[in-house]
file final_6.cif (mmCIF, C-alpha atoms and all ligand atoms)
data_data
loop_
_atom_site.label_atom_id
_atom_site.label_comp_id
_atom_site.auth_asym_id
_atom_site.auth_seq_id
_atom_site.Cartn_x
_atom_site.Cartn_y
_atom_site.Cartn_z
CA MET U 246 -43.32 -64.15 38.10
CA ILE U 247 -45.77 -61.27 38.44
CA ASP U 248 -48.49 -63.59 39.80
CA LEU U 249 -45.98 -64.93 42.34
CA PHE U 250 -45.13 -61.39 43.37
CA ALA U 251 -48.88 -60.70 43.77
CA ASP U 252 -48.99 -63.18 46.66
CA VAL U 253 -46.00 -61.44 48.25
CA SER U 254 -47.50 -57.99 47.83
CA ASP U 255 -50.83 -59.20 49.28
CA TYR U 256 -48.91 -60.32 52.36
CA CYS U 257 -47.34 -56.84 52.61
CA ARG U 258 -50.62 -54.97 52.13
CA LEU U 259 -51.23 -52.51 54.98
CA VAL U 260 -54.98 -52.04 55.04
CA ILE U 261 -57.00 -52.22 58.25
CA PRO U 262 -60.57 -53.46 57.74
CA GLU U 263 -63.32 -51.19 59.16
CA ALA U 264 -64.53 -54.02 61.39
CA HIS U 265 -61.16 -54.16 63.15
CA LYS U 266 -60.94 -50.47 64.03
CA ARG U 267 -61.05 -49.51 67.73
CA PRO U 268 -60.48 -46.17 69.51
CA ILE U 269 -56.81 -45.64 70.40
CA ALA U 270 -55.16 -43.36 72.98
CA ILE U 271 -51.48 -42.53 72.91
CA ILE U 272 -49.02 -42.13 75.78
CA GLY U 273 -46.05 -40.04 74.70
CA ALA U 274 -46.08 -37.18 72.21
CA GLY U 275 -42.47 -37.44 71.08
CA GLY U 276 -40.72 -37.57 67.74
CA ILE U 277 -41.79 -41.08 66.78
CA VAL U 278 -45.48 -40.48 67.53
CA ASP U 279 -45.42 -37.18 65.68
CA GLY U 280 -43.44 -38.44 62.70
CA ALA U 281 -44.57 -42.06 62.26
CA HIS U 282 -47.44 -43.33 64.48
CA LEU U 283 -49.87 -40.50 63.72
CA PRO U 284 -49.13 -40.19 59.98
CA ALA U 285 -49.58 -43.97 59.69
CA TYR U 286 -52.85 -44.00 61.63
CA ARG U 287 -54.18 -41.16 59.48
CA LEU U 288 -53.32 -43.14 56.31
CA ALA U 289 -55.10 -46.18 57.76
CA GLY U 290 -58.17 -44.19 58.87
CA LEU U 291 -57.77 -45.03 62.57
CA GLU U 292 -59.42 -43.04 65.33
CA VAL U 293 -57.07 -41.54 67.94
CA VAL U 294 -59.33 -40.30 70.72
CA GLY U 295 -56.68 -38.72 72.93
CA ILE U 296 -53.06 -38.35 73.95
CA THR U 297 -51.06 -37.63 77.10
CA ASP U 298 -47.45 -36.72 77.87
CA ILE U 299 -45.60 -35.68 81.02
CA ASP U 300 -44.83 -32.56 78.99
CA PRO U 301 -48.40 -31.25 78.49
CA GLU U 302 -47.25 -28.56 76.07
CA ARG U 303 -45.88 -31.24 73.79
CA ALA U 304 -49.11 -33.23 74.00
CA ARG U 305 -51.18 -30.14 73.16
CA ASP U 306 -48.94 -29.25 70.22
CA VAL U 307 -49.06 -32.76 68.72
CA ALA U 308 -52.81 -33.01 69.36
CA ALA U 309 -53.45 -29.69 67.62
CA ARG U 310 -51.35 -30.54 64.57
CA HIS U 311 -52.82 -34.02 64.13
CA GLY U 312 -56.43 -33.22 64.97
CA ILE U 313 -56.57 -35.31 68.16
CA PRO U 314 -59.68 -34.19 70.10
CA ARG U 315 -58.55 -34.74 73.69
CA VAL U 316 -55.38 -34.15 75.72
CA TYR U 317 -55.47 -36.09 79.00
CA GLU U 318 -53.84 -34.47 82.00
CA SER U 319 -52.51 -37.78 83.25
CA LEU U 320 -52.13 -41.46 82.50
CA ALA U 321 -54.83 -42.18 85.08
CA GLU U 322 -57.29 -39.90 83.25
CA LEU U 323 -56.49 -41.64 79.96
CA LEU U 324 -56.95 -45.12 81.43
CA ALA U 325 -60.24 -44.09 83.05
CA ASP U 326 -61.71 -43.17 79.65
CA ASP U 327 -64.06 -46.03 78.74
CA ARG U 328 -63.90 -45.09 75.08
CA VAL U 329 -60.24 -46.10 74.93
CA GLU U 330 -59.79 -49.73 73.97
CA VAL U 331 -56.16 -49.70 72.86
CA VAL U 332 -53.25 -47.82 74.40
CA ASP U 333 -50.24 -47.03 72.30
CA ILE U 334 -47.23 -46.57 74.60
CA ALA U 335 -44.37 -44.57 73.05
CA VAL U 336 -42.12 -43.30 75.84
CA PRO U 337 -38.45 -44.00 76.69
CA VAL U 338 -37.79 -47.52 77.91
CA THR U 339 -37.37 -46.80 81.62
CA HIS U 340 -40.89 -45.29 81.72
CA GLN U 341 -42.59 -48.13 79.90
CA PRO U 342 -43.04 -50.91 82.52
CA PRO U 343 -45.14 -48.90 85.05
CA ILE U 344 -47.35 -47.61 82.22
CA PHE U 345 -47.68 -51.14 80.82
CA ARG U 346 -48.70 -52.51 84.25
CA ALA U 347 -51.28 -49.75 84.72
CA ALA U 348 -52.72 -50.34 81.24
CA VAL U 349 -53.08 -54.08 81.92
CA ALA U 350 -54.75 -53.34 85.26
CA ALA U 351 -57.22 -51.07 83.44
CA GLY U 352 -58.02 -53.87 80.96
CA LYS U 353 -56.72 -52.00 77.92
CA HIS U 354 -55.12 -53.69 74.92
CA ILE U 355 -51.54 -52.56 74.35
CA LEU U 356 -49.08 -51.72 71.63
CA ALA U 357 -45.76 -50.84 73.31
CA GLN U 358 -42.79 -49.24 71.58
CA LYS U 359 -39.56 -51.16 71.44
CA PRO U 360 -37.84 -51.86 73.73
CA PHE U 361 -40.80 -52.40 76.05
CA THR U 362 -38.32 -53.03 78.87
CA ASP U 363 -34.55 -53.24 79.13
CA ASN U 364 -34.29 -56.57 80.94
CA PRO U 365 -35.57 -60.14 80.54
CA GLN U 366 -37.00 -60.43 84.05
CA THR U 367 -39.35 -57.48 83.59
CA ALA U 368 -40.15 -58.65 80.04
CA ARG U 369 -41.32 -62.02 81.40
CA GLU U 370 -43.28 -60.32 84.21
CA LEU U 371 -45.11 -57.97 81.80
CA ALA U 372 -45.87 -60.74 79.28
CA ALA U 373 -47.30 -62.92 82.06
CA LEU U 374 -49.42 -60.02 83.40
CA ALA U 375 -50.91 -59.38 79.95
CA ALA U 376 -51.59 -63.09 79.39
CA GLN U 377 -53.31 -63.45 82.80
CA ALA U 378 -55.46 -60.39 82.14
CA GLY U 379 -56.43 -61.66 78.68
CA VAL U 380 -55.46 -58.40 76.97
CA VAL U 381 -53.80 -58.29 73.57
CA ALA U 382 -50.27 -56.95 74.00
CA ALA U 383 -47.73 -56.49 71.24
CA VAL U 384 -44.43 -54.70 70.77
CA ASN U 385 -43.95 -52.19 67.99
CA GLN U 386 -41.20 -54.11 66.14
CA GLN U 387 -42.59 -52.59 62.99
CA MET U 388 -39.58 -53.64 60.90
CA ARG U 389 -41.50 -56.92 60.56
CA PHE U 390 -43.99 -54.89 58.47
CA ASP U 391 -41.41 -52.90 56.51
CA GLU U 392 -42.13 -53.95 52.94
CA GLY U 393 -38.62 -55.05 51.96
CA ILE U 394 -38.32 -57.22 55.07
CA ALA U 395 -41.91 -58.51 55.03
CA ALA U 396 -41.68 -59.40 51.32
CA ALA U 397 -38.37 -61.20 51.92
CA HIS U 398 -39.98 -63.13 54.77
CA ARG U 399 -42.86 -64.22 52.55
CA MET U 400 -40.43 -65.38 49.85
CA VAL U 401 -38.50 -67.40 52.41
CA GLU U 402 -41.74 -68.87 53.81
CA ALA U 403 -42.77 -69.87 50.28
CA GLY U 404 -39.51 -71.81 49.91
CA TRP U 405 -38.01 -69.66 47.15
CA LEU U 406 -34.56 -69.86 48.79
CA GLY U 407 -34.74 -73.55 49.75
CA THR U 408 -33.31 -73.92 53.26
CA VAL U 409 -32.03 -70.61 54.62
CA THR U 410 -28.37 -70.79 55.60
CA SER U 411 -27.47 -67.21 56.42
CA PHE U 412 -28.84 -63.74 57.22
CA ALA U 413 -26.56 -60.69 57.13
CA LEU U 414 -27.42 -57.05 57.72
CA THR U 415 -24.89 -54.22 57.60
CA VAL U 416 -25.70 -50.58 58.39
CA ASN U 417 -23.32 -47.61 58.10
CA VAL U 418 -24.98 -44.31 59.00
CA PHE U 419 -24.50 -41.18 61.05
CA THR U 420 -27.01 -40.89 63.90
CA ASP U 421 -27.39 -37.65 65.83
CA TRP U 422 -28.05 -39.16 69.26
CA SER U 423 -28.50 -35.70 70.83
CA GLN U 424 -32.09 -35.70 69.51
CA TRP U 425 -32.88 -38.19 72.31
CA GLU U 426 -31.79 -36.56 75.57
CA TRP U 427 -32.89 -39.68 77.49
CA ALA U 428 -30.45 -41.79 75.44
CA LYS U 429 -27.37 -39.85 76.61
CA ALA U 430 -26.84 -41.78 79.83
CA MET U 431 -27.86 -45.23 78.57
CA GLU U 432 -24.93 -47.61 78.98
CA ARG U 433 -26.67 -50.19 76.78
CA LEU U 434 -27.55 -48.05 73.80
CA GLU U 435 -27.14 -49.09 70.17
CA ILE U 436 -28.59 -52.58 70.30
CA MET U 437 -31.13 -51.65 72.97
CA VAL U 438 -32.74 -48.79 71.05
CA HIS U 439 -31.79 -49.32 67.40
CA SER U 440 -30.38 -52.69 66.33
CA ILE U 441 -33.06 -54.43 68.40
CA HIS U 442 -35.08 -54.16 65.18
CA TYR U 443 -32.43 -56.12 63.27
CA HIS U 444 -31.96 -58.71 65.99
CA ASP U 445 -35.73 -59.18 66.23
CA ALA U 446 -35.75 -59.66 62.44
CA VAL U 447 -32.98 -62.27 62.69
CA ARG U 448 -35.16 -64.23 65.13
CA TRP U 449 -38.16 -63.83 62.83
CA PHE U 450 -36.29 -65.31 59.89
CA MET U 451 -33.93 -67.76 61.55
CA GLY U 452 -35.51 -68.81 64.86
CA GLU U 453 -33.62 -69.05 68.13
CA PRO U 454 -29.79 -69.14 68.01
CA SER U 455 -27.63 -71.66 69.85
CA SER U 456 -24.95 -69.03 70.53
CA VAL U 457 -24.10 -65.35 69.94
CA TYR U 458 -20.98 -63.21 70.13
CA ALA U 459 -20.98 -59.40 70.09
CA VAL U 460 -18.44 -56.60 70.16
CA ALA U 461 -19.05 -52.87 70.51
CA GLY U 462 -17.26 -49.59 70.02
CA ARG U 463 -17.46 -45.90 70.92
CA THR U 464 -15.94 -42.79 69.31
CA PRO U 465 -14.01 -40.21 71.35
CA GLY U 466 -16.18 -37.14 71.96
CA GLN U 467 -19.46 -38.85 71.07
CA TYR U 468 -22.67 -37.54 72.74
CA PRO U 469 -23.95 -40.71 74.45
CA VAL U 470 -22.03 -42.78 76.98
CA GLY U 471 -23.22 -46.05 75.42
CA GLU U 472 -21.89 -47.97 72.44
CA THR U 473 -22.50 -46.51 68.97
CA ARG U 474 -21.11 -49.40 66.88
CA THR U 475 -21.91 -53.06 67.29
CA THR U 476 -21.16 -56.26 65.44
CA SER U 477 -22.99 -59.43 66.44
CA SER U 478 -22.66 -62.94 65.10
CA TYR U 479 -25.01 -65.87 65.57
CA THR U 480 -24.88 -69.63 65.18
CA PHE U 481 -28.01 -71.78 64.91
CA PRO U 482 -28.55 -75.43 65.80
CA ASP U 483 -28.77 -76.44 62.11
CA GLY U 484 -25.37 -74.91 61.25
CA SER U 485 -26.75 -71.69 59.73
CA SER U 486 -25.42 -68.31 60.82
CA ALA U 487 -26.26 -64.60 61.00
CA LEU U 488 -24.42 -61.31 61.23
CA VAL U 489 -25.69 -57.87 62.27
CA SER U 490 -23.30 -54.94 62.08
CA ALA U 491 -24.39 -51.35 62.74
CA ASN U 492 -22.16 -48.28 62.77
CA HIS U 493 -23.80 -44.98 63.73
CA MET U 494 -20.64 -42.86 63.47
CA ASN U 495 -20.18 -42.84 59.70
CA LEU U 496 -18.88 -39.34 58.97
CA GLY U 497 -18.47 -40.02 55.24
CA GLY U 498 -22.00 -39.02 54.23
CA ASP U 499 -22.36 -42.30 52.31
CA ASN U 500 -25.03 -43.98 54.40
CA SER U 501 -25.79 -47.60 53.56
CA ALA U 502 -28.07 -50.28 54.99
CA GLU U 503 -27.97 -53.62 53.23
CA PHE U 504 -29.27 -57.08 53.96
CA ARG U 505 -28.70 -60.42 52.32
CA ILE U 506 -30.38 -63.75 52.95
CA GLU U 507 -28.92 -66.91 51.44
CA GLY U 508 -30.36 -70.37 51.07
CA THR U 509 -29.66 -73.67 49.38
CA GLY U 510 -31.85 -72.62 46.44
CA GLY U 511 -31.35 -68.89 46.09
CA ALA U 512 -30.70 -65.54 47.72
CA ILE U 513 -32.34 -62.21 48.50
CA ARG U 514 -30.49 -58.90 48.60
CA GLY U 515 -31.96 -55.58 49.64
CA THR U 516 -31.53 -52.18 51.20
CA LEU U 517 -33.38 -50.49 54.09
CA GLY U 518 -34.40 -47.18 52.53
CA LEU U 519 -35.13 -45.51 55.89
CA MET U 520 -31.49 -45.51 56.89
CA TYR U 521 -30.28 -43.53 53.88
CA ASP U 522 -31.88 -40.34 55.19
CA TYR U 523 -33.43 -41.04 58.65
CA PRO U 524 -36.26 -40.41 59.45
CA ASN U 525 -37.53 -39.74 55.93
CA GLY U 526 -35.60 -42.26 53.91
CA ARG U 527 -36.82 -43.82 50.72
CA PRO U 528 -38.45 -47.14 49.80
CA ASP U 529 -36.41 -50.29 50.33
CA THR U 530 -34.97 -52.20 47.42
CA LEU U 531 -35.35 -55.96 47.12
CA GLU U 532 -34.09 -58.50 44.59
CA VAL U 533 -34.37 -62.26 44.54
CA THR U 534 -32.62 -65.01 42.65
CA SER U 535 -34.00 -68.53 42.93
CA THR U 536 -33.30 -71.91 41.39
CA VAL U 537 -36.53 -73.14 43.02
CA LEU U 538 -38.96 -70.94 41.02
CA PRO U 539 -36.72 -70.58 38.95
CA THR U 540 -35.75 -67.00 38.13
CA ASP U 541 -33.24 -66.21 35.42
CA GLY U 542 -30.81 -64.37 37.68
CA TRP U 543 -31.67 -61.46 39.99
CA VAL U 544 -35.26 -60.17 39.72
CA PRO U 545 -36.34 -56.89 41.39
CA TYR U 546 -39.46 -56.87 43.58
CA PRO U 547 -41.15 -53.45 43.41
CA VAL U 548 -41.32 -51.98 46.93
CA THR U 549 -43.97 -49.24 47.16
CA GLN U 550 -44.23 -48.54 50.91
CA ARG U 551 -41.76 -47.17 53.44
CA TRP U 552 -40.64 -48.30 56.87
CA PHE U 553 -41.64 -44.81 58.21
CA PRO U 554 -44.57 -44.32 58.35
CA HIS U 555 -46.26 -47.23 56.52
CA ALA U 556 -44.94 -50.13 58.59
CA PHE U 557 -46.57 -48.57 61.70
CA ILE U 558 -49.95 -49.40 60.14
CA GLY U 559 -48.87 -53.03 60.29
CA SER U 560 -48.04 -53.21 63.98
CA MET U 561 -51.21 -51.42 65.11
CA GLY U 562 -53.21 -53.35 62.49
CA SER U 563 -52.06 -56.67 63.87
CA VAL U 564 -53.13 -55.66 67.40
CA LEU U 565 -56.55 -54.56 66.11
CA GLU U 566 -56.93 -57.75 64.10
CA ALA U 567 -56.10 -59.82 67.19
CA ILE U 568 -58.77 -57.98 69.22
CA ALA U 569 -61.36 -58.44 66.48
CA THR U 570 -60.61 -62.00 65.40
CA GLY U 571 -58.53 -63.68 68.11
CA SER U 572 -55.51 -63.95 65.78
CA THR U 573 -51.97 -63.65 67.13
CA PRO U 574 -50.14 -60.36 66.44
CA ARG U 575 -46.94 -60.65 64.42
CA SER U 576 -44.93 -59.37 67.40
CA THR U 577 -46.54 -60.35 70.70
CA VAL U 578 -45.00 -59.40 74.03
CA GLY U 579 -44.55 -63.14 74.64
CA ASP U 580 -42.46 -63.44 71.48
CA ASN U 581 -40.63 -60.22 72.29
CA VAL U 582 -39.47 -61.65 75.61
CA LYS U 583 -37.09 -63.75 73.49
CA THR U 584 -35.87 -60.64 71.66
CA ILE U 585 -35.15 -58.94 75.00
CA GLU U 586 -33.37 -62.11 76.21
CA LEU U 587 -31.33 -62.06 73.01
CA VAL U 588 -30.43 -58.38 73.45
CA ASP U 589 -29.38 -59.11 77.03
CA ALA U 590 -27.24 -62.04 75.83
CA LEU U 591 -25.52 -59.81 73.26
CA TYR U 592 -24.61 -57.31 75.97
CA ARG U 593 -23.39 -60.08 78.26
CA SER U 594 -21.23 -61.35 75.40
CA MET U 595 -19.77 -57.89 74.84
CA GLY U 596 -19.16 -57.38 78.55
CA ALA U 597 -17.33 -60.66 79.00
CA ASN U 598 -15.80 -60.80 75.50
CA GLU U 599 -17.13 -64.35 75.31
CA VAL U 600 -19.52 -66.40 73.22
CA VAL U 601 -22.86 -66.76 75.03
CA HIS U 602 -24.47 -70.18 74.62
CA PHE U 603 -28.21 -70.63 75.00
CA ASP U 604 -29.38 -73.52 77.07
CA ARG U 605 -32.43 -74.73 75.14
N1 LIG U 701 -40.04 -48.31 66.44
C1 LIG U 701 -39.19 -47.39 66.05
O1 LIG U 701 -38.70 -47.44 64.95
C2 LIG U 701 -38.82 -46.29 66.99
C3 LIG U 701 -38.18 -45.16 66.52
C4 LIG U 701 -37.89 -44.13 67.42
C5 LIG U 701 -38.20 -44.28 68.77
N2 LIG U 701 -38.79 -45.43 69.20
C6 LIG U 701 -39.13 -45.62 70.62
O2 LIG U 701 -40.24 -44.80 70.95
C7 LIG U 701 -40.09 -44.27 72.26
C8 LIG U 701 -40.17 -42.74 72.16
O3 LIG U 701 -39.13 -42.27 71.31
P1 LIG U 701 -39.16 -40.80 70.68
O4 LIG U 701 -38.18 -40.82 69.58
O5 LIG U 701 -40.55 -40.39 70.41
O6 LIG U 701 -38.56 -39.97 71.91
P2 LIG U 701 -38.81 -38.44 72.27
O7 LIG U 701 -37.76 -38.07 73.25
O8 LIG U 701 -38.93 -37.63 71.03
O9 LIG U 701 -40.23 -38.44 72.98
C9 LIG U 701 -40.50 -39.12 74.17
C10 LIG U 701 -41.77 -38.50 74.75
O10 LIG U 701 -42.19 -39.29 75.85
C11 LIG U 701 -42.61 -38.38 76.88
N3 LIG U 701 -42.59 -39.10 78.15
C12 LIG U 701 -41.51 -39.54 78.83
N4 LIG U 701 -41.91 -40.21 79.94
C13 LIG U 701 -43.28 -40.18 79.94
C14 LIG U 701 -44.26 -40.69 80.82
N5 LIG U 701 -43.92 -41.37 81.92
N6 LIG U 701 -45.56 -40.48 80.52
C15 LIG U 701 -45.92 -39.78 79.41
N7 LIG U 701 -45.03 -39.27 78.55
C16 LIG U 701 -43.71 -39.48 78.81
C17 LIG U 701 -41.64 -37.22 76.80
O11 LIG U 701 -42.11 -36.07 77.44
C18 LIG U 701 -41.54 -37.06 75.28
O12 LIG U 701 -42.52 -36.20 74.76
C19 LIG U 701 -38.76 -44.81 72.80
O13 LIG U 701 -39.02 -45.95 73.58
C20 LIG U 701 -38.00 -45.21 71.55
O14 LIG U 701 -37.12 -46.30 71.79
C21 LIG U 701 -39.10 -46.42 68.34
#
call {"tool": "encode", "arguments": {"input": "final_6.cif", "output": "C-alpha cells"}}
result
Amino acid sequence: MIDLFADVSDYCRLVIPEAHKRPIAIIGAGGIVDGAHLPAYRLAGLEVVGITDIDPERARDVAARHGIPRVYESLAELLADDRVEVVDIAVPVTHQPPIFRAAVAAGKHILAQKPFTDNPQTARELAALAAQAGVVAAVNQQMRFDEGIAAAHRMVEAGWLGTVTSFALTVNVFTDWSQWEWAKAMERLEIMVHSIHYHDAVRWFMGEPSSVYAVAGRTPGQYPVGETRTTSSYTFPDGSSALVSANHMNLGGDNSAEFRIEGTGGAIRGTLGLMYDYPNGRPDTLEVTSTVLPTDGWVPYPVTQRWFPHAFIGSMGSVLEAIATGSTPRSTVGDNVKTIELVDALYRSMGANEVVHFDR
C-alpha cells in the first residue's frame, strides 16, 4: 500500500525545477496575493520582480513585506518591463479581461485568478486571443493542486475506484463577505467566486455533464446582494451524477467541508481543511476503500500540504512547466472556458428554476 501511495504523493509533489523558473510580475496586491500567492512563491523559490495595484499604497506595503524589489506605477509600466515573462493577474473579475487582453498583446504568459471573466462569450474571446498569440495562459483553479483533491484524482485515474459513478461535495461554513467590498454588489456571487472551484473539480473528475440543475438562497440582512447558499446537481451521459452544496451562512460555528467519490470498485472520502478555518485551515483528510487494489476497508492517505498556500505552487508551476517544456497546464484558459460555461448554465438554471441541458 505504501508503495502505491508513493506514486500518488509523487503526483502531488509541488516542486518547481530550477530550469522552469521565470521572472513573474503580479497585478493586484490584495488578500489572496498577500496570503497565498506570495507565501507559495517564496516556498517554491520563485522570483517576483515587481507588483502593481490601482491602490499604490497597498502595492508598496505588500512589496515591502514580501521583499519584492519593484512597484510599478501602472499596468503599462509592468508590461513594458522586458524582464517580466509571466504575469500573475489577481484582481476582481470585472477588472480581469482588459488586463488579460493587454498582457496577451504584450506577449506575456499569464496565470489569471478565477474567475478570469464572468461570462462565456468573453471567456471564449480571451482563450482565442491567447491561443493566437501563442502565449501560455492558465486559470488559477488551484484546487486541482490541493493535495486531498489531487491525490483523489490520481487514485481515480489509476482505477482504484473502478468506474466513477458519483461525486459529492458539501460545505457548511460562515463566510464574512464584507472582506471583499467588490463582492457586495455581485448578483452572481457564491458560485462565481467560491464554488467555481468545486464545479471546476467536478469537471476535472467527471467530464462534461449532460444536464445541471441549481437552486440558491439568501439570508435576510446578509452583506452581499448575491446568493450565499447554492445546491447544484449534475447528470452525465453515462448515468453518473454529482452534487455540490455550499452554505456560507452557517452560524453554528461547526464548519464542515466534505467530499465523497464513489465508483464500482471503491470510494474516497475526504475533507477540505481550508474551509474549517478560512484562510488558514488545516491539511485535508483523505481515505480510500477499494476492492480493486484491494484495501481491507478504509485506509487513510497522509496529506502533508495545504490548499493555502501550497496549492498555489502547483498552478504557477504548471504555467512555468508549459513555458519551459511545451506541456499543457492542468487548468488552461481553453479548459476553463467550459467551467465558465458551466457556471453560467448553473445560474441560468437557478434563474429559470429549470434543468439546463447541454447540447453536445
Ligand atoms: N483562487 C482562490 O482560491 C482565490 C481566493 C480569493 C480570491 N481569489 C480571486 O483573486 C482576486 C483578488 O481577490 P482578493 O481576495 O485578493 O481581493 P482583494 O479585494 O483583497 O484585493 C483585490 C486587489 O486588486 C486591486 N485591483 C482592483 N482592480 C485593479 C486593477 N484594475 N489593476 C490593479 N489592481 C487592481 C485592488 O486595489 C486590491 O488591492 C479575485 O478575482 C478573487 O476572485 C481567488
call {"tool": "closest_residue", "arguments": {"input": "final_6.cif", "among": "U:Pro528, U:Pro554, U:Pro365, U:Gly462", "to": "ligand LIG 701 (chain U)", "atoms": "only C-alpha atoms and all ligand atoms"}}
result
U:Pro554
call {"tool": "residues_around", "arguments": {"input": "final_6.cif", "residues": "Val381 (chain U)", "least_positions_apart": "6", "cutoff": "12 Å", "atoms": "all atoms listed in the file", "output": "ChimeraX atom specification"}}
result
/U:330-333,345,348-349,352-357,371-375,561,563-579
call {"tool": "closest_residue", "arguments": {"input": "final_6.cif", "among": "U:Lys583, U:Gly407, U:His282, U:Pro539", "to": "Thr509 (chain U)", "atoms": "only C-alpha atoms"}}
result
U:Gly407
call {"tool": "residues_near_point", "arguments": {"input": "final_6.cif", "point": "(-48.7, -35.4, 69.4)", "cutoff": "9 Å", "atoms": "all atoms listed in the file", "output": "number ranges by chain"}}
result
U: 271, 273-276, 278-279, 283, 296-298, 303-311, 313
call {"tool": "residues_around", "arguments": {"input": "final_6.cif", "residues": "region 596-601 of chain U", "least_positions_apart": "3", "cutoff": "6 Å", "atoms": "all atoms listed in the file", "output": "list of chain:residue names"}}
result
U:Ser456, U:Val457, U:Tyr458, U:Arg593
call {"tool": "residues_around", "arguments": {"input": "final_6.cif", "residues": "His444 (chain U)", "least_positions_apart": "4", "cutoff": "8 Å", "atoms": "all atoms listed in the file", "output": "list in words"}}
result
Ser440, Arg448, Val489, Thr584, Leu587 and Val588 of chain U
call {"tool": "closest_residue", "arguments": {"input": "final_6.cif", "among": "U:Met400, U:Ala446, U:Ala491, U:Val548", "to": "Val253 (chain U)", "atoms": "all atoms listed in the file"}}
result
U:Met400
call {"tool": "axis_aligned_box", "arguments": {"input": "final_6.cif", "around": "ligand LIG 701 (chain U)", "padding_each_side": "4 Å", "output": "lines of an AutoDock Vina configuration file"}}
result
center_x = -41.5
center_y = -42.2
center_z = 73.4
size_x = 16.8
size_y = 20.2
size_z = 25.0
call {"tool": "closest_residue", "arguments": {"input": "final_6.cif", "among": "U:Val470, U:Leu519, U:Ile334, U:Val533", "to": "Ala430 (chain U)", "atoms": "all atoms listed in the file"}}
result
U:Val470
call {"tool": "residues_near_ligand", "arguments": {"input": "final_6.cif", "ligand": "ligand LIG 701 (chain U)", "cutoff": "6 Å", "atoms": "all atoms listed in the file", "output": "list in words"}}
result
Ile272, Gly273, Ala274, Gly275, Gly276, Ile277, Val278, Asp298, Ile299, Asp300, Ala335, Val336, Pro337, Val338, His340, Gln358, Lys359, Pro360, Asn385, Gln386, Trp425 and Val438 of chain U
call {"tool": "atom_distance", "arguments": {"input": "final_6.cif", "atom1": "CA of Asn417 (chain U)", "atom2": "CA of Gly498 (chain U)"}}
result
9.5 Å
call {"tool": "atom_distance", "arguments": {"input": "final_6.cif", "atom1": "CA of Tyr286 (chain U)", "atom2": "CA of Arg258 (chain U)"}}
result
14.7 Å
call {"tool": "closest_residue", "arguments": {"input": "final_6.cif", "among": "U:Asn581, U:Thr464, U:Thr420, U:Ser535", "to": "Asn364 (chain U)", "atoms": "only C-alpha atoms"}}
result
U:Asn581
call {"tool": "closest_residue", "arguments": {"input": "final_6.cif", "among": "U:Glu453, U:Asp327, U:Gly559, U:Met388", "to": "Pro262 (chain U)", "atoms": "all atoms listed in the file"}}
result
U:Gly559
call {"tool": "atom_distance", "arguments": {"input": "final_6.cif", "atom1": "CA of Arg346 (chain U)", "atom2": "CA of Gly379 (chain U)"}}
result
13.2 Å
call {"tool": "residues_around", "arguments": {"input": "final_6.cif", "residues": "Ser485 (chain U)", "least_positions_apart": "5", "cutoff": "10 Å", "atoms": "all atoms listed in the file", "output": "PyMOL selection string"}}
result
chain U and resi 408-412+451+454+479-480+507-508
call {"tool": "residues_around", "arguments": {"input": "final_6.cif", "residues": "Gly542 (chain U)", "least_positions_apart": "5", "cutoff": "12 Å", "atoms": "only C-alpha atoms", "output": "ChimeraX atom specification"}}
result
/U:511-513,532-537
call {"tool": "residues_near_point", "arguments": {"input": "final_6.cif", "point": "(-21.6, -53.5, 75.1)", "cutoff": "7 Å", "atoms": "only C-alpha atoms", "output": "list in words"}}
result
Arg433, Val460, Ala461, Glu472, Tyr592, Met595 and Gly596 of chain U
call {"tool": "write_last_selection", "arguments": {"input": "final_6.cif", "atoms": "C-alpha atoms", "output": "tab-separated table (two decimals), in the coordinates of the input"}}
result
chain	number	residue	atom	x	y	z
U	433	ARG	CA	-26.67	-50.19	76.78
U	460	VAL	CA	-18.44	-56.60	70.16
U	461	ALA	CA	-19.05	-52.87	70.51
U	472	GLU	CA	-21.89	-47.97	72.44
U	592	TYR	CA	-24.61	-57.31	75.97
U	595	MET	CA	-19.77	-57.89	74.84
U	596	GLY	CA	-19.16	-57.38	78.55
call {"tool": "decode", "arguments": {"input": "final_6.cif", "residues": "region 491-500 of chain U", "atoms": "N, CA and C atoms", "output": "compact mmCIF listing (two decimals), in the first residue's frame"}}
result
# COMPACT_ATOMS: atom_id res chain seq x y z
N ALA U 491 -23.10 24.29 -1.13
CA ALA U 491 -22.26 25.18 -0.32
C ALA U 491 -23.14 26.20 0.40
N ASN U 492 -22.98 26.24 1.71
CA ASN U 492 -23.73 27.19 2.55
C ASN U 492 -22.71 28.06 3.27
N HIS U 493 -22.77 29.36 3.01
CA HIS U 493 -21.80 30.28 3.64
C HIS U 493 -22.39 31.03 4.82
N MET U 494 -23.58 30.63 5.27
CA MET U 494 -24.25 31.35 6.36
C MET U 494 -24.46 30.42 7.56
N ASN U 495 -23.51 29.54 7.79
CA ASN U 495 -23.58 28.65 8.93
C ASN U 495 -23.19 29.42 10.20
N LEU U 496 -24.14 29.69 11.05
CA LEU U 496 -23.87 30.47 12.26
C LEU U 496 -23.55 29.56 13.45
N GLY U 497 -23.47 28.26 13.20
CA GLY U 497 -23.31 27.31 14.31
C GLY U 497 -21.88 27.12 14.78
N GLY U 498 -20.92 27.69 14.02
CA GLY U 498 -19.52 27.53 14.41
C GLY U 498 -18.96 26.14 14.13
N ASP U 499 -19.77 25.27 13.52
CA ASP U 499 -19.29 23.90 13.26
C ASP U 499 -19.03 23.73 11.76
N ASN U 500 -18.04 24.47 11.27
CA ASN U 500 -17.74 24.41 9.84
C ASN U 500 -17.45 22.97 9.40
